[in-house]
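What follows is my_file33.cif (mmCIF, C-alpha atoms).
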data_coords
loop_
_atom_site.label_atom_id
_atom_site.label_comp_id
_atom_site.auth_asym_id
_atom_site.auth_seq_id
_atom_site.Cartn_x
_atom_site.Cartn_y
_atom_site.Cartn_z
CA ILE R 1 19.35 24.09 -19.78
CA PRO R 2 16.21 25.93 -20.93
CA SER R 3 13.73 26.58 -18.19
CA ALA R 4 10.34 24.94 -18.50
CA THR R 5 7.39 27.05 -19.51
CA PRO R 6 4.77 26.94 -16.74
CA THR R 7 1.42 25.50 -17.70
CA THR R 8 -1.62 27.62 -16.86
CA LEU R 9 -4.41 25.46 -15.44
CA PRO R 10 -7.94 26.28 -16.57
CA ALA R 11 -10.33 27.75 -14.05
CA PRO R 12 -12.85 25.28 -12.59
CA THR R 13 -16.14 25.21 -14.43
CA THR R 14 -18.24 23.83 -11.61
CA THR R 15 -19.81 25.86 -8.85
CA PRO R 16 -19.11 24.53 -5.35
CA ASP R 17 -22.14 22.95 -3.68
CA PRO R 18 -23.24 25.26 -0.85
CA ALA R 19 -24.19 22.18 1.16
CA LEU R 20 -20.51 21.15 1.29
CA ALA R 21 -19.19 24.55 2.26
CA SER R 22 -17.59 24.86 5.71
CA PRO R 23 -19.80 26.61 8.24
CA THR R 24 -18.77 30.03 9.38
CA ALA R 25 -16.79 29.65 12.58
CA THR R 26 -18.15 31.35 15.68
CA LEU R 27 -15.35 32.79 17.75
CA VAL R 28 -15.57 31.87 21.40
CA ALA R 29 -13.20 33.26 23.99
CA ALA R 30 -10.95 30.38 25.03
CA SER R 31 -10.72 29.52 28.68
CA PRO R 32 -7.18 29.91 30.02
CA THR R 33 -5.32 26.60 30.25
CA PRO R 34 -4.93 25.82 33.93
CA THR R 35 -1.33 25.61 35.14
CA PRO R 36 -0.84 22.33 36.97
CA SER R 37 0.10 22.85 40.57
CA PRO R 38 3.23 21.06 41.77
CA THR R 39 2.57 18.04 43.94
CA PRO R 40 2.80 19.21 47.55
CA LEU R 41 5.74 17.77 49.44
CA PRO R 42 4.97 15.64 52.48
CA GLY R 43 5.38 17.35 55.81
CA ALA R 44 7.97 14.81 56.92
CA VAL R 45 10.24 12.23 55.29
CA ALA R 46 12.43 9.60 56.94
CA LEU R 47 14.48 7.51 54.51
CA ALA R 48 15.93 4.15 55.50
CA GLN R 49 19.40 4.78 56.85
CA PRO R 50 22.37 2.71 55.66
CA GLU R 51 24.73 1.04 58.07
CA TYR R 52 26.48 3.66 60.19
CA GLU R 53 30.22 4.18 59.87
CA LYS R 54 32.33 6.13 62.34
CA GLN R 55 34.94 8.26 60.62
CA GLY R 56 38.68 7.90 61.03
CA PRO R 57 40.91 10.96 61.61
CA ASN R 58 40.10 13.77 59.14
CA ASN R 59 37.95 11.30 57.25
CA CYS R 60 34.38 12.55 57.39
CA GLY R 61 34.23 12.89 53.60
CA PRO R 62 35.11 9.27 52.78
CA ALA R 63 33.08 7.93 55.72
CA THR R 64 29.99 9.92 54.76
CA LEU R 65 30.29 8.96 51.11
CA SER R 66 30.72 5.34 52.18
CA MET R 67 27.41 5.46 54.04
CA TYR R 68 25.78 7.14 51.03
CA LEU R 69 26.98 4.43 48.63
CA ARG R 70 25.81 1.73 51.03
CA PHE R 71 22.32 3.12 50.59
CA TYR R 72 22.59 1.74 47.04
CA GLY R 73 24.10 -1.60 48.04
CA TRP R 74 27.82 -0.81 47.89
CA GLN R 75 29.90 -3.26 49.94
CA GLY R 76 32.97 -1.13 50.72
CA ASP R 77 33.94 1.17 53.56
CA GLN R 78 35.77 4.46 54.01
CA THR R 79 39.20 2.84 53.61
CA LYS R 80 38.35 1.89 50.02
CA ILE R 81 37.64 5.53 49.31
CA THR R 82 40.68 6.96 51.11
CA GLU R 83 42.95 4.60 49.18
CA GLN R 84 41.95 6.44 46.03
CA ILE R 85 41.45 10.07 47.07
CA LYS R 86 43.24 10.55 50.41
CA PRO R 87 46.02 7.99 50.81
CA PHE R 88 47.99 10.11 53.30
CA ASP R 89 46.75 10.42 56.89
CA GLY R 90 48.09 13.97 57.09
CA ASP R 91 45.69 15.13 54.37
CA ARG R 92 43.11 17.01 56.43
CA ASN R 93 40.75 17.89 53.62
CA VAL R 94 38.69 16.09 51.01
CA ASN R 95 36.88 18.41 48.62
CA VAL R 96 33.65 17.81 46.78
CA GLU R 97 35.37 17.13 43.44
CA GLU R 98 37.36 14.28 45.00
CA LEU R 99 34.18 12.59 46.23
CA VAL R 100 32.62 13.03 42.80
CA TYR R 101 35.76 11.53 41.24
CA PHE R 102 35.42 8.40 43.35
CA VAL R 103 31.79 7.81 42.40
CA ASN R 104 32.48 8.35 38.71
CA ASN R 105 35.45 6.01 38.64
CA PHE R 106 34.77 3.33 41.24
CA ALA R 107 30.98 2.99 41.46
CA GLY R 108 30.10 2.53 37.82
CA TRP R 109 26.40 1.74 38.25
CA LEU R 110 25.85 5.11 39.91
CA ARG R 111 25.98 8.70 38.71
CA VAL R 112 26.65 11.83 40.74
CA GLN R 113 25.93 15.55 40.49
CA PHE R 114 27.00 18.39 42.75
CA ARG R 115 25.60 21.90 42.83
CA VAL R 116 25.97 25.04 44.93
CA GLY R 117 23.43 27.49 46.28
CA GLY R 118 21.15 24.82 47.70
CA ASP R 119 18.38 25.40 50.20
CA ILE R 120 16.07 23.35 52.37
CA PRO R 121 13.22 23.21 49.80
CA ALA R 122 15.65 21.75 47.25
CA LEU R 123 16.82 19.09 49.71
CA LYS R 124 13.23 18.26 50.60
CA LYS R 125 12.42 17.56 46.93
CA PHE R 126 15.19 14.98 46.71
CA LEU R 127 14.33 13.40 50.04
CA ALA R 128 10.64 13.17 49.15
CA ALA R 129 11.64 11.43 45.89
CA GLY R 130 13.72 8.88 47.83
CA TYR R 131 17.24 10.28 47.43
CA PRO R 132 19.51 11.11 50.38
CA VAL R 133 21.72 14.15 49.89
CA LEU R 134 25.31 14.74 51.01
CA ILE R 135 26.19 18.27 52.10
CA GLU R 136 29.34 20.00 53.32
CA GLY R 137 29.15 22.48 56.16
CA GLU R 138 31.05 23.42 59.28
CA THR R 139 31.22 22.04 62.79
CA ASP R 140 32.87 22.80 66.12
CA VAL R 141 35.08 20.15 67.67
CA ASP R 142 35.34 19.51 71.38
CA ARG R 143 39.14 19.33 71.72
CA GLN R 144 42.30 20.48 69.99
CA TYR R 145 43.84 18.03 67.55
CA TRP R 146 47.01 20.08 66.92
CA PRO R 147 48.64 23.15 68.52
CA ASP R 148 46.58 26.33 68.08
CA ASP R 149 43.63 24.35 66.70
CA ASP R 150 40.75 26.85 66.55
CA LEU R 151 38.17 24.06 67.10
CA TRP R 152 36.52 24.76 63.73
CA ALA R 153 36.30 22.22 60.92
CA GLY R 154 34.60 21.62 57.64
CA HIS R 155 32.31 18.64 57.90
CA TYR R 156 30.20 16.41 55.65
CA LEU R 157 26.74 15.15 56.58
CA LEU R 158 24.36 12.70 54.90
CA VAL R 159 20.82 14.11 55.00
CA THR R 160 18.16 11.39 55.25
CA GLY R 161 15.00 13.16 56.38
CA TYR R 162 13.16 16.26 57.50
CA ASP R 163 10.16 17.24 59.62
CA ASP R 164 8.42 20.54 58.90
CA GLN R 165 6.39 20.53 62.09
CA ALA R 166 9.47 20.09 64.26
CA GLN R 167 11.59 22.21 61.88
CA MET R 168 14.29 19.55 61.96
CA MET R 169 16.61 17.87 59.48
CA THR R 170 17.75 14.28 60.10
CA VAL R 171 21.40 13.66 59.26
CA MET R 172 23.97 10.91 59.58
CA ASP R 173 27.06 12.42 61.18
CA ALA R 174 30.17 10.23 60.85
CA PHE R 175 31.82 12.16 63.68
CA ARG R 176 29.02 12.19 66.24
CA ASP R 177 25.82 10.24 65.63
CA TYR R 178 24.05 8.07 63.08
CA ASN R 179 20.65 9.74 63.60
CA LYS R 180 21.25 13.36 64.50
CA GLN R 181 18.51 15.98 64.56
CA MET R 182 19.38 19.56 63.54
CA SER R 183 17.08 22.54 63.52
CA TYR R 184 16.58 24.16 60.12
CA THR R 185 18.24 27.30 61.50
CA ASP R 186 21.39 25.54 62.74
CA PHE R 187 21.56 23.40 59.61
CA LEU R 188 21.52 26.44 57.31
CA ALA R 189 24.04 28.32 59.44
CA ASP R 190 26.54 25.45 59.25
CA TRP R 191 25.88 24.80 55.55
CA GLN R 192 26.45 28.42 54.53
CA SER R 193 30.22 28.19 55.07
CA PHE R 194 30.58 26.02 51.96
CA ASN R 195 28.23 27.95 49.69
CA TYR R 196 25.34 25.54 50.32
CA VAL R 197 27.02 22.82 48.24
CA TYR R 198 25.27 19.47 47.92
CA ILE R 199 25.93 16.13 46.21
CA VAL R 200 23.29 13.78 44.82
CA VAL R 201 24.17 10.16 43.98
CA TYR R 202 21.67 8.05 42.05
CA PRO R 203 21.38 4.96 39.82
CA THR R 204 22.36 5.69 36.22
CA GLU R 205 18.93 4.86 34.82
CA GLN R 206 17.28 7.48 37.05
CA GLU R 207 19.11 10.47 35.60
CA GLY R 208 15.90 11.80 34.01
CA THR R 209 14.31 12.04 37.45
CA ILE R 210 17.32 13.91 38.84
CA GLN R 211 17.23 16.30 35.90
CA THR R 212 13.58 17.05 36.62
CA LEU R 213 14.26 17.61 40.32
CA LEU R 214 17.15 19.97 39.58
CA GLY R 215 15.15 21.96 37.05
CA ALA R 216 17.19 24.90 35.74
CA ASP R 217 20.06 23.86 38.03
CA TRP R 218 20.59 20.79 35.86
CA SER R 219 22.88 23.13 33.91
CA ALA R 220 26.00 23.56 36.01
CA ASP R 221 26.64 26.91 34.30
CA VAL R 222 23.18 28.21 35.21
CA ASN R 223 23.68 26.94 38.74
CA ARG R 224 26.96 28.85 39.13
CA GLN R 225 25.32 32.03 37.91
#

What do you get writing this file as structure tokens?
Amino acid sequence: IPSATPTTLPAPTTTPDPALASPTATLVAASPTPTPSPTPLPGAVALAQPEYEKQGPNNCGPATLSMYLRFYGWQGDQTKITEQIKPFDGDRNVNVEELVYFVNNFAGWLRVQFRVGGDIPALKKFLAAGYPVLIEGETDVDRQYWPDDDLWAGHYLLVTGYDDQAQMMTVMDAFRDYNKQMSYTDFLADWQSFNYVYIVVYPTEQEGTIQTLLGADWSADVNRQ
């Protein structure tokens, strides 16, 4: 196919009217755009606590998750959770992935995320936004439950509040108390044993808010790094 021969347009014959010419711009040093400051967190938060549930043997994970789900109107109890993820009484451990599995498969109107490397400022952001947080840490028990029991155990807690002035976290402890106060120092020391892991459960339609609160940690890969 022969290529078309370009047409040369004639030069304009009129002289532009100086009155319509754009004025010469005067350069002015731009003021720096202010960076918005993050909204300060309140000094204390106390979320409404769901109905308390005392754990069964080796059942702090299901019992704590049960209380967490009740915060969102769930009607079950820890036995509904153990039926799915810990059907044998001799199973002494429930890991984070098993709790996540239950939420994803048996609480369909809710979503769940878990991350590691948490800290108190991160928990405070969720609490201030209205979300309890489930954490796994350690605890000492007051009696032996089997021969040579070293009185140490992994333990889940549901965090429902904090108070900066008192330097205290408020937690629901399925083993001991529905409204337990822990100093920031003791809380961090117990939490460290499980790499500061935390679980956030939330209504599906609020995932955008959770993504904002997690920031870069929304990426599980970035969080692991």

Check which residues of range 37-106 of chain R sit at most 9 Å from range 115-129 of chain R using only C-alpha atoms, and return one row each with the closest pair of atoms and their distance in Å to one decimal, ordered by chain and rising number, as CSV.
residue,atom,partner,partner_atom,distance
R:Leu41,CA,R:Ala128,CA,6.7
R:Pro42,CA,R:Ala128,CA,7.0
R:Ala44,CA,R:Ala128,CA,8.4
R:Val45,CA,R:Ala128,CA,6.2
R:Ala46,CA,R:Leu127,CA,8.1
R:Leu47,CA,R:Leu127,CA,7.4

Restricted to C-alpha atoms, what would the selected residues look like written as a compact mmCIF listing (two decimals), in the frame of the given file?
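The result, stored in selection_4.txt:
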# COMPACT_ATOMS: atom_id res chain seq x y z
CA LEU R 41 5.74 17.77 49.44
CA PRO R 42 4.97 15.64 52.48
CA ALA R 44 7.97 14.81 56.92
CA VAL R 45 10.24 12.23 55.29
CA ALA R 46 12.43 9.60 56.94
CA LEU R 47 14.48 7.51 54.51

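The closest residue to Phe187 in chain R, picked from R:Leu157, R:Val201, R:Ala174, R:Ala216 and counting only C-alpha atoms, is R:Leu157.
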
Check what the PyMOL selection byres ((chain R and resi 182) around 10) selects in the file above and give those residues as a PDB file with C-alpha atoms, keeping the file's coordinate frame.
ATOM      1  CA  TYR R 162      13.160  16.260  57.500  1.00  0.00           C
ATOM      2  CA  ALA R 166       9.470  20.090  64.260  1.00  0.00           C
ATOM      3  CA  GLN R 167      11.590  22.210  61.880  1.00  0.00           C
ATOM      4  CA  MET R 168      14.290  19.550  61.960  1.00  0.00           C
ATOM      5  CA  MET R 169      16.610  17.870  59.480  1.00  0.00           C
ATOM      6  CA  THR R 170      17.750  14.280  60.100  1.00  0.00           C
ATOM      7  CA  VAL R 171      21.400  13.660  59.260  1.00  0.00           C
ATOM      8  CA  ASN R 179      20.650   9.740  63.600  1.00  0.00           C
ATOM      9  CA  LYS R 180      21.250  13.360  64.500  1.00  0.00           C
ATOM     10  CA  GLN R 181      18.510  15.980  64.560  1.00  0.00           C
ATOM     11  CA  SER R 183      17.080  22.540  63.520  1.00  0.00           C
ATOM     12  CA  TYR R 184      16.580  24.160  60.120  1.00  0.00           C
ATOM     13  CA  THR R 185      18.240  27.300  61.500  1.00  0.00           C
ATOM     14  CA  ASP R 186      21.390  25.540  62.740  1.00  0.00           C
ATOM     15  CA  PHE R 187      21.560  23.400  59.610  1.00  0.00           C
ATOM     16  CA  LEU R 188      21.520  26.440  57.310  1.00  0.00           C
TER      17      LEU R 188
END

Pairwise distance, CA of Phe106 in chain R with CA of Phe88 in chain R, equals 19.1 Å

In Å to one decimal, how far is CA of Gly215 in chain R from CA of Leu65 in chain R? 24.4 Å

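The protein and nucleic acid residues lying at most 8 Å from Val100 in chain R are Val112, Gln113 and Phe114 of chain R, with all atoms listed in the file considered and sequence neighbours fewer than 6 positions away removed.
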
For each of R:Asn58, R:Gln225, R:Asn105, R:Gln78, take the minimum atom-to-atom distance to Gly90 in chain R, counting all atoms listed in the file, then give the residue where this is smallest. R:Asn58
